[in-house]
file run.json (JSON, C-alpha atoms)
[["chain", "number", "residue", "atom", "x", "y", "z"],
["A", 10, "MET", "CA", -22.67, -3.19, -17.84],
["A", 11, "ASN", "CA", -20.96, -3.64, -21.17],
["A", 12, "PRO", "CA", -18.60, -6.68, -21.17],
["A", 13, "LEU", "CA", -15.88, -4.64, -22.89],
["A", 14, "ASP", "CA", -16.19, -1.92, -20.26],
["A", 15, "PHE", "CA", -15.87, -4.58, -17.56],
["A", 16, "LEU", "CA", -12.75, -6.05, -19.17],
["A", 17, "LEU", "CA", -11.18, -2.61, -19.55],
["A", 18, "GLY", "CA", -11.97, -1.91, -15.90],
["A", 19, "VAL", "CA", -10.27, -5.13, -14.83],
["A", 20, "LEU", "CA", -7.28, -4.30, -17.02],
["A", 21, "ALA", "CA", -7.06, -0.78, -15.56],
["A", 22, "GLN", "CA", -7.19, -2.17, -12.02],
["A", 23, "THR", "CA", -4.51, -4.74, -12.87],
["A", 24, "VAL", "CA", -2.23, -1.99, -14.20],
["A", 25, "SER", "CA", -2.82, 0.00, -11.00],
["A", 26, "ILE", "CA", -1.86, -2.97, -8.84],
["A", 27, "TYR", "CA", 1.21, -3.64, -10.98],
["A", 28, "LEU", "CA", 2.24, 0.00, -10.57],
["A", 29, "LEU", "CA", 2.17, -0.52, -6.81],
["A", 30, "PHE", "CA", 4.37, -3.61, -7.11],
["A", 31, "LEU", "CA", 6.73, -1.67, -9.34],
["A", 32, "LEU", "CA", 6.90, 1.21, -6.89],
["A", 33, "ALA", "CA", 7.65, -1.21, -4.05],
["A", 34, "ARG", "CA", 10.41, -2.85, -6.12],
["A", 35, "VAL", "CA", 12.04, 0.47, -6.95],
["A", 36, "LEU", "CA", 11.89, 1.67, -3.35],
["A", 37, "LEU", "CA", 13.28, -1.63, -2.06],
["A", 38, "SER", "CA", 16.20, -1.38, -4.48],
["A", 39, "TRP", "CA", 17.43, 1.60, -2.45],
["A", 40, "PHE", "CA", 18.29, -0.77, 0.41],
["A", 41, "PRO", "CA", 21.27, -2.86, -0.74],
["A", 42, "ASN", "CA", 21.40, -5.00, 2.42],
["A", 43, "LEU", "CA", 17.98, -6.59, 1.94],
["A", 44, "ASP", "CA", 17.84, -10.37, 1.74],
["A", 45, "TRP", "CA", 16.36, -10.99, -1.72],
["A", 46, "GLY", "CA", 16.10, -14.67, -0.80],
["A", 47, "ASN", "CA", 13.11, -13.75, 1.35],
["A", 48, "PRO", "CA", 10.01, -15.24, -0.33],
["A", 49, "LEU", "CA", 8.12, -11.94, -0.26],
["A", 50, "LEU", "CA", 10.98, -9.92, -1.74],
["A", 51, "SER", "CA", 11.83, -12.57, -4.30],
["A", 52, "GLY", "CA", 8.16, -12.67, -5.32],
["A", 53, "VAL", "CA", 8.08, -8.92, -5.91],
["A", 54, "SER", "CA", 11.33, -9.21, -7.82],
["A", 55, "ALA", "CA", 10.06, -12.11, -9.94],
["A", 56, "ILE", "CA", 6.93, -10.15, -10.86],
["A", 57, "THR", "CA", 8.60, -6.86, -11.73],
["A", 58, "ASP", "CA", 12.11, -7.65, -12.99],
["A", 59, "PRO", "CA", 11.11, -9.02, -16.42],
["A", 60, "TYR", "CA", 9.25, -5.79, -17.16],
["A", 61, "LEU", "CA", 12.05, -3.60, -15.81],
["A", 62, "ASN", "CA", 14.69, -5.58, -17.74],
["A", 63, "ALA", "CA", 12.97, -4.63, -21.00],
["A", 64, "PHE", "CA", 13.62, -0.97, -20.18],
["A", 65, "ARG", "CA", 17.09, -1.51, -18.75],
["A", 66, "GLY", "CA", 18.23, -2.43, -22.22],
["A", 67, "LEU", "CA", 16.95, 0.89, -23.58],
["A", 68, "ILE", "CA", 18.43, 3.32, -21.06],
["A", 69, "PRO", "CA", 21.91, 2.71, -19.67],
["A", 70, "PRO", "CA", 22.60, 3.75, -16.06],
["A", 71, "VAL", "CA", 23.66, 7.39, -15.73],
["A", 72, "GLY", "CA", 26.10, 8.12, -12.93],
["A", 73, "GLY", "CA", 25.21, 4.86, -11.21],
["A", 74, "LEU", "CA", 21.48, 5.64, -11.29],
["A", 75, "ASP", "CA", 19.13, 3.28, -13.09],
["A", 76, "LEU", "CA", 16.71, 5.63, -14.84],
["A", 77, "SER", "CA", 14.98, 2.86, -16.76],
["A", 78, "SER", "CA", 12.36, 2.54, -14.03],
["A", 79, "LEU", "CA", 11.17, 6.07, -14.86],
["A", 80, "LEU", "CA", 10.50, 5.02, -18.44],
["A", 81, "ALA", "CA", 8.80, 1.86, -17.19],
["A", 82, "PHE", "CA", 6.49, 3.94, -14.97],
["A", 83, "LEU", "CA", 5.72, 6.34, -17.81],
["A", 84, "ALA", "CA", 4.84, 3.48, -20.14],
["A", 85, "LEU", "CA", 2.42, 2.00, -17.61],
["A", 86, "GLN", "CA", 0.91, 5.41, -16.89],
["A", 87, "LEU", "CA", 0.37, 5.90, -20.63],
["A", 88, "LEU", "CA", -1.26, 2.47, -20.89],
["A", 89, "GLN", "CA", -3.50, 3.29, -17.95],
["A", 90, "SER", "CA", -4.50, 6.61, -19.55],
["A", 91, "LEU", "CA", -5.30, 4.88, -22.83],
["A", 92, "ILE", "CA", -7.46, 2.32, -21.04],
["A", 93, "GLN", "CA", -9.30, 5.04, -19.12],
["A", 94, "GLY", "CA", -9.84, 6.95, -22.36],
["A", 95, "ALA", "CA", -11.27, 3.86, -24.03],
["A", 96, "ARG", "CA", -13.61, 3.36, -21.07],
["A", 97, "MET", "CA", -14.77, 6.95, -21.31],
["A", 98, "THR", "CA", -15.63, 6.58, -25.00],
["A", 99, "LEU", "CA", -17.63, 3.43, -24.27],
["A", 100, "GLY", "CA", -19.65, 4.81, -21.42]]

call {"tool": "encode", "arguments": {"input": "run.json", "output": "structure tokens"}}
result
Amino acid sequence: MNPLDFLLGVLAQTVSIYLLFLLARVLLSWFPNLDWGNPLLSGVSAITDPYLNAFRGLIPPVGGLDLSSLLAFLALQLLQSLIQGARMTLG
């Protein structure tokens, strides 16, 4: 196995896992009464909020809805597609 292919595979898997964390964070934000002091919830928040904050500055909330998470998902999906494309050209 090519070392570059291996690294791209690890990166693709990491992006997939991060997408799951991001999905969990967005779904949990629909429940306003959650205790974000909980270590599990605060961990998810600590992992995902810096990335989401970068997009929150780009898209203001529309009608009380934070649409920046959609752009964040699209950016990660694009990155994942680019990584998969690079892997396909290598192998």

call {"tool": "residues_around", "arguments": {"input": "run.json", "residues": "Asp14 in chain A", "least_positions_apart": "3", "cutoff": "9 Å", "atoms": "all atoms listed in the file", "output": "list in words"}}
result
Met10, Asn11, Leu17, Gly18, Val19, Ala95, Arg96, Leu99 and Gly100 of chain A

call {"tool": "write_last_selection", "arguments": {"input": "run.json", "atoms": "C-alpha atoms", "output": "CSV table (one decimal), in the frame of the given file"}}
result
chain,number,residue,atom,x,y,z
A,10,MET,CA,-22.7,-3.2,-17.8
A,11,ASN,CA,-21.0,-3.6,-21.2
A,17,LEU,CA,-11.2,-2.6,-19.6
A,18,GLY,CA,-12.0,-1.9,-15.9
A,19,VAL,CA,-10.3,-5.1,-14.8
A,95,ALA,CA,-11.3,3.9,-24.0
A,96,ARG,CA,-13.6,3.4,-21.1
A,99,LEU,CA,-17.6,3.4,-24.3
A,100,GLY,CA,-19.6,4.8,-21.4

call {"tool": "closest_residue", "arguments": {"input": "run.json", "among": "A:Phe30, A:Asp44, A:Gln22, A:Gly94", "to": "Tyr60 in chain A", "atoms": "all atoms listed in the file"}}
result
A:Phe30

call {"tool": "atom_distance", "arguments": {"input": "run.json", "atom1": "CA of Leu31 in chain A", "atom2": "CA of Leu79 in chain A"}}
result
10.5 Å

call {"tool": "axis_aligned_box", "arguments": {"input": "run.json", "around": "range 33-40 of chain A", "padding_each_side": "3 Å", "output": "AutoDock Vina command-line options"}}
result
--center_x 13.0 --center_y -0.6 --center_z -3.3 --size_x 16.6 --size_y 10.5 --size_z 13.4

call {"tool": "closest_residue", "arguments": {"input": "run.json", "among": "A:Leu28, A:Leu20, A:Ile56, A:Leu43", "to": "Ala84 in chain A", "atoms": "all atoms listed in the file"}}
result
A:Leu28

call {"tool": "closest_residue", "arguments": {"input": "run.json", "among": "A:Thr98, A:Ser90, A:Ser54, A:Asn62", "to": "Leu36 in chain A", "atoms": "only C-alpha atoms"}}
result
A:Ser54

call {"tool": "residues_near_point", "arguments": {"input": "run.json", "point": "(11.4, -0.1, -9.5)", "cutoff": "12 Å", "atoms": "only C-alpha atoms", "output": "PyMOL selection string"}}
result
chain A and resi 27-39+53-54+56-62+64-65+74-83

call {"tool": "residues_around", "arguments": {"input": "run.json", "residues": "Gln89 in chain A", "least_positions_apart": "6", "cutoff": "8 Å", "atoms": "only C-alpha atoms", "output": "NGL selection string"}}
result
:A and (21 or 24-25)

call {"tool": "atom_distance", "arguments": {"input": "run.json", "atom1": "CA of Leu88 in chain A", "atom2": "CA of Ser51 in chain A"}}
result
25.9 Å

call {"tool": "closest_residue", "arguments": {"input": "run.json", "among": "A:Asn42, A:Gln86, A:Gln93, A:Asn47", "to": "Leu16 in chain A", "atoms": "all atoms listed in the file"}}
result
A:Gln93

call {"tool": "atom_distance", "arguments": {"input": "run.json", "atom1": "CA of Val71 in chain A", "atom2": "CA of Gly52 in chain A"}}
result
27.4 Å

call {"tool": "decode", "arguments": {"input": "run.json", "residues": "range 17-60 of chain A", "atoms": "N, CA and C atoms", "output": "PDB file, in the first residue's frame"}}
result
ATOM      1  N   LEU A  17      -4.150   9.436   3.018  1.00  0.00           N
ATOM      2  CA  LEU A  17      -5.409   9.975   2.510  1.00  0.00           C
ATOM      3  C   LEU A  17      -6.593   9.173   3.039  1.00  0.00           C
ATOM      4  N   GLY A  18      -6.422   7.877   3.203  1.00  0.00           N
ATOM      5  CA  GLY A  18      -7.470   7.050   3.777  1.00  0.00           C
ATOM      6  C   GLY A  18      -7.751   7.414   5.221  1.00  0.00           C
ATOM      7  N   VAL A  19      -6.694   7.646   5.978  1.00  0.00           N
ATOM      8  CA  VAL A  19      -6.856   8.064   7.379  1.00  0.00           C
ATOM      9  C   VAL A  19      -7.535   9.429   7.442  1.00  0.00           C
ATOM     10  N   LEU A  20      -7.139  10.331   6.573  1.00  0.00           N
ATOM     11  CA  LEU A  20      -7.744  11.661   6.540  1.00  0.00           C
ATOM     12  C   LEU A  20      -9.225  11.573   6.158  1.00  0.00           C
ATOM     13  N   ALA A  21      -9.555  10.734   5.195  1.00  0.00           N
ATOM     14  CA  ALA A  21     -10.957  10.565   4.791  1.00  0.00           C
ATOM     15  C   ALA A  21     -11.782   9.995   5.939  1.00  0.00           C
ATOM     16  N   GLN A  22     -11.223   9.031   6.654  1.00  0.00           N
ATOM     17  CA  GLN A  22     -11.934   8.441   7.789  1.00  0.00           C
ATOM     18  C   GLN A  22     -12.104   9.463   8.907  1.00  0.00           C
ATOM     19  N   THR A  23     -11.107  10.293   9.133  1.00  0.00           N
ATOM     20  CA  THR A  23     -11.192  11.334  10.152  1.00  0.00           C
ATOM     21  C   THR A  23     -12.290  12.344   9.802  1.00  0.00           C
ATOM     22  N   VAL A  24     -12.377  12.719   8.545  1.00  0.00           N
ATOM     23  CA  VAL A  24     -13.432  13.639   8.112  1.00  0.00           C
ATOM     24  C   VAL A  24     -14.799  12.995   8.311  1.00  0.00           C
ATOM     25  N   SER A  25     -14.918  11.701   8.023  1.00  0.00           N
ATOM     26  CA  SER A  25     -16.190  11.006   8.226  1.00  0.00           C
ATOM     27  C   SER A  25     -16.602  11.006   9.692  1.00  0.00           C
ATOM     28  N   ILE A  26     -15.656  10.751  10.563  1.00  0.00           N
ATOM     29  CA  ILE A  26     -15.948  10.753  12.002  1.00  0.00           C
ATOM     30  C   ILE A  26     -16.324  12.156  12.459  1.00  0.00           C
ATOM     31  N   TYR A  27     -15.613  13.161  11.961  1.00  0.00           N
ATOM     32  CA  TYR A  27     -15.924  14.533  12.344  1.00  0.00           C
ATOM     33  C   TYR A  27     -17.317  14.938  11.859  1.00  0.00           C
ATOM     34  N   LEU A  28     -17.711  14.446  10.680  1.00  0.00           N
ATOM     35  CA  LEU A  28     -19.063  14.709  10.186  1.00  0.00           C
ATOM     36  C   LEU A  28     -20.115  14.135  11.131  1.00  0.00           C
ATOM     37  N   LEU A  29     -19.833  12.980  11.710  1.00  0.00           N
ATOM     38  CA  LEU A  29     -20.763  12.397  12.677  1.00  0.00           C
ATOM     39  C   LEU A  29     -20.859  13.256  13.940  1.00  0.00           C
ATOM     40  N   PHE A  30     -19.719  13.737  14.423  1.00  0.00           N
ATOM     41  CA  PHE A  30     -19.725  14.635  15.581  1.00  0.00           C
ATOM     42  C   PHE A  30     -20.506  15.909  15.262  1.00  0.00           C
ATOM     43  N   LEU A  31     -20.306  16.426  14.080  1.00  0.00           N
ATOM     44  CA  LEU A  31     -20.989  17.645  13.663  1.00  0.00           C
ATOM     45  C   LEU A  31     -22.496  17.423  13.560  1.00  0.00           C
ATOM     46  N   LEU A  32     -22.891  16.304  13.021  1.00  0.00           N
ATOM     47  CA  LEU A  32     -24.309  15.973  12.942  1.00  0.00           C
ATOM     48  C   LEU A  32     -24.912  15.857  14.345  1.00  0.00           C
ATOM     49  N   ALA A  33     -24.200  15.194  15.247  1.00  0.00           N
ATOM     50  CA  ALA A  33     -24.688  15.075  16.623  1.00  0.00           C
ATOM     51  C   ALA A  33     -24.833  16.450  17.267  1.00  0.00           C
ATOM     52  N   ARG A  34     -23.872  17.331  17.039  1.00  0.00           N
ATOM     53  CA  ARG A  34     -23.915  18.682  17.622  1.00  0.00           C
ATOM     54  C   ARG A  34     -25.116  19.468  17.095  1.00  0.00           C
ATOM     55  N   VAL A  35     -25.354  19.383  15.808  1.00  0.00           N
ATOM     56  CA  VAL A  35     -26.468  20.114  15.214  1.00  0.00           C
ATOM     57  C   VAL A  35     -27.802  19.558  15.725  1.00  0.00           C
ATOM     58  N   LEU A  36     -27.919  18.251  15.795  1.00  0.00           N
ATOM     59  CA  LEU A  36     -29.158  17.655  16.296  1.00  0.00           C
ATOM     60  C   LEU A  36     -29.385  17.984  17.771  1.00  0.00           C
ATOM     61  N   LEU A  37     -28.319  17.979  18.552  1.00  0.00           N
ATOM     62  CA  LEU A  37     -28.449  18.306  19.975  1.00  0.00           C
ATOM     63  C   LEU A  37     -28.818  19.769  20.198  1.00  0.00           C
ATOM     64  N   SER A  38     -28.472  20.623  19.254  1.00  0.00           N
ATOM     65  CA  SER A  38     -28.797  22.045  19.414  1.00  0.00           C
ATOM     66  C   SER A  38     -30.298  22.285  19.311  1.00  0.00           C
ATOM     67  N   TRP A  39     -31.042  21.315  18.814  1.00  0.00           N
ATOM     68  CA  TRP A  39     -32.496  21.450  18.735  1.00  0.00           C
ATOM     69  C   TRP A  39     -33.172  21.296  20.093  1.00  0.00           C
ATOM     70  N   PHE A  40     -32.438  20.833  21.090  1.00  0.00           N
ATOM     71  CA  PHE A  40     -32.980  20.627  22.429  1.00  0.00           C
ATOM     72  C   PHE A  40     -32.394  21.668  23.374  1.00  0.00           C
ATOM     73  N   PRO A  41     -33.111  22.771  23.591  1.00  0.00           N
ATOM     74  CA  PRO A  41     -32.541  23.882  24.365  1.00  0.00           C
ATOM     75  C   PRO A  41     -32.373  23.577  25.857  1.00  0.00           C
ATOM     76  N   ASN A  42     -33.029  22.562  26.369  1.00  0.00           N
ATOM     77  CA  ASN A  42     -32.959  22.285  27.801  1.00  0.00           C
ATOM     78  C   ASN A  42     -31.852  21.316  28.179  1.00  0.00           C
ATOM     79  N   LEU A  43     -30.979  20.975  27.257  1.00  0.00           N
ATOM     80  CA  LEU A  43     -29.876  20.068  27.568  1.00  0.00           C
ATOM     81  C   LEU A  43     -28.865  20.759  28.472  1.00  0.00           C
ATOM     82  N   ASP A  44     -28.273  19.976  29.348  1.00  0.00           N
ATOM     83  CA  ASP A  44     -27.234  20.485  30.244  1.00  0.00           C
ATOM     84  C   ASP A  44     -25.889  20.386  29.535  1.00  0.00           C
ATOM     85  N   TRP A  45     -25.416  21.508  28.983  1.00  0.00           N
ATOM     86  CA  TRP A  45     -24.149  21.506  28.252  1.00  0.00           C
ATOM     87  C   TRP A  45     -22.950  21.424  29.185  1.00  0.00           C
ATOM     88  N   GLY A  46     -23.196  21.372  30.494  1.00  0.00           N
ATOM     89  CA  GLY A  46     -22.125  21.138  31.453  1.00  0.00           C
ATOM     90  C   GLY A  46     -21.767  19.666  31.553  1.00  0.00           C
ATOM     91  N   ASN A  47     -22.611  18.814  30.995  1.00  0.00           N
ATOM     92  CA  ASN A  47     -22.350  17.380  30.956  1.00  0.00           C
ATOM     93  C   ASN A  47     -21.043  17.152  30.195  1.00  0.00           C
ATOM     94  N   PRO A  48     -20.141  16.332  30.735  1.00  0.00           N
ATOM     95  CA  PRO A  48     -18.842  16.146  30.067  1.00  0.00           C
ATOM     96  C   PRO A  48     -18.953  15.639  28.629  1.00  0.00           C
ATOM     97  N   LEU A  49     -19.904  14.771  28.352  1.00  0.00           N
ATOM     98  CA  LEU A  49     -20.045  14.260  26.989  1.00  0.00           C
ATOM     99  C   LEU A  49     -20.509  15.358  26.036  1.00  0.00           C
ATOM    100  N   LEU A  50     -21.515  16.120  26.455  1.00  0.00           N
ATOM    101  CA  LEU A  50     -22.027  17.195  25.606  1.00  0.00           C
ATOM    102  C   LEU A  50     -21.016  18.320  25.452  1.00  0.00           C
ATOM    103  N   SER A  51     -20.331  18.646  26.542  1.00  0.00           N
ATOM    104  CA  SER A  51     -19.333  19.718  26.438  1.00  0.00           C
ATOM    105  C   SER A  51     -18.155  19.279  25.573  1.00  0.00           C
ATOM    106  N   GLY A  52     -17.854  17.979  25.558  1.00  0.00           N
ATOM    107  CA  GLY A  52     -16.796  17.470  24.688  1.00  0.00           C
ATOM    108  C   GLY A  52     -17.162  17.600  23.222  1.00  0.00           C
ATOM    109  N   VAL A  53     -18.397  17.235  22.899  1.00  0.00           N
ATOM    110  CA  VAL A  53     -18.868  17.372  21.516  1.00  0.00           C
ATOM    111  C   VAL A  53     -18.854  18.843  21.112  1.00  0.00           C
ATOM    112  N   SER A  54     -19.297  19.689  22.024  1.00  0.00           N
ATOM    113  CA  SER A  54     -19.315  21.124  21.755  1.00  0.00           C
ATOM    114  C   SER A  54     -17.901  21.674  21.564  1.00  0.00           C
ATOM    115  N   ALA A  55     -16.976  21.239  22.390  1.00  0.00           N
ATOM    116  CA  ALA A  55     -15.600  21.729  22.301  1.00  0.00           C
ATOM    117  C   ALA A  55     -14.937  21.303  20.994  1.00  0.00           C
ATOM    118  N   ILE A  56     -15.322  20.146  20.482  1.00  0.00           N
ATOM    119  CA  ILE A  56     -14.731  19.640  19.247  1.00  0.00           C
ATOM    120  C   ILE A  56     -15.308  20.347  18.026  1.00  0.00           C
ATOM    121  N   THR A  57     -16.604  20.634  18.051  1.00  0.00           N
ATOM    122  CA  THR A  57     -17.267  21.130  16.850  1.00  0.00           C
ATOM    123  C   THR A  57     -17.460  22.643  16.798  1.00  0.00           C
ATOM    124  N   ASP A  58     -17.581  23.301  17.932  1.00  0.00           N
ATOM    125  CA  ASP A  58     -17.881  24.737  17.925  1.00  0.00           C
ATOM    126  C   ASP A  58     -16.831  25.607  17.238  1.00  0.00           C
ATOM    127  N   PRO A  59     -15.538  25.344  17.400  1.00  0.00           N
ATOM    128  CA  PRO A  59     -14.577  26.198  16.674  1.00  0.00           C
ATOM    129  C   PRO A  59     -14.774  26.146  15.161  1.00  0.00           C
ATOM    130  N   TYR A  60     -15.056  24.976  14.639  1.00  0.00           N
ATOM    131  CA  TYR A  60     -15.301  24.847  13.197  1.00  0.00           C
ATOM    132  C   TYR A  60     -16.594  25.546  12.804  1.00  0.00           C
TER     133      TYR A  60
END
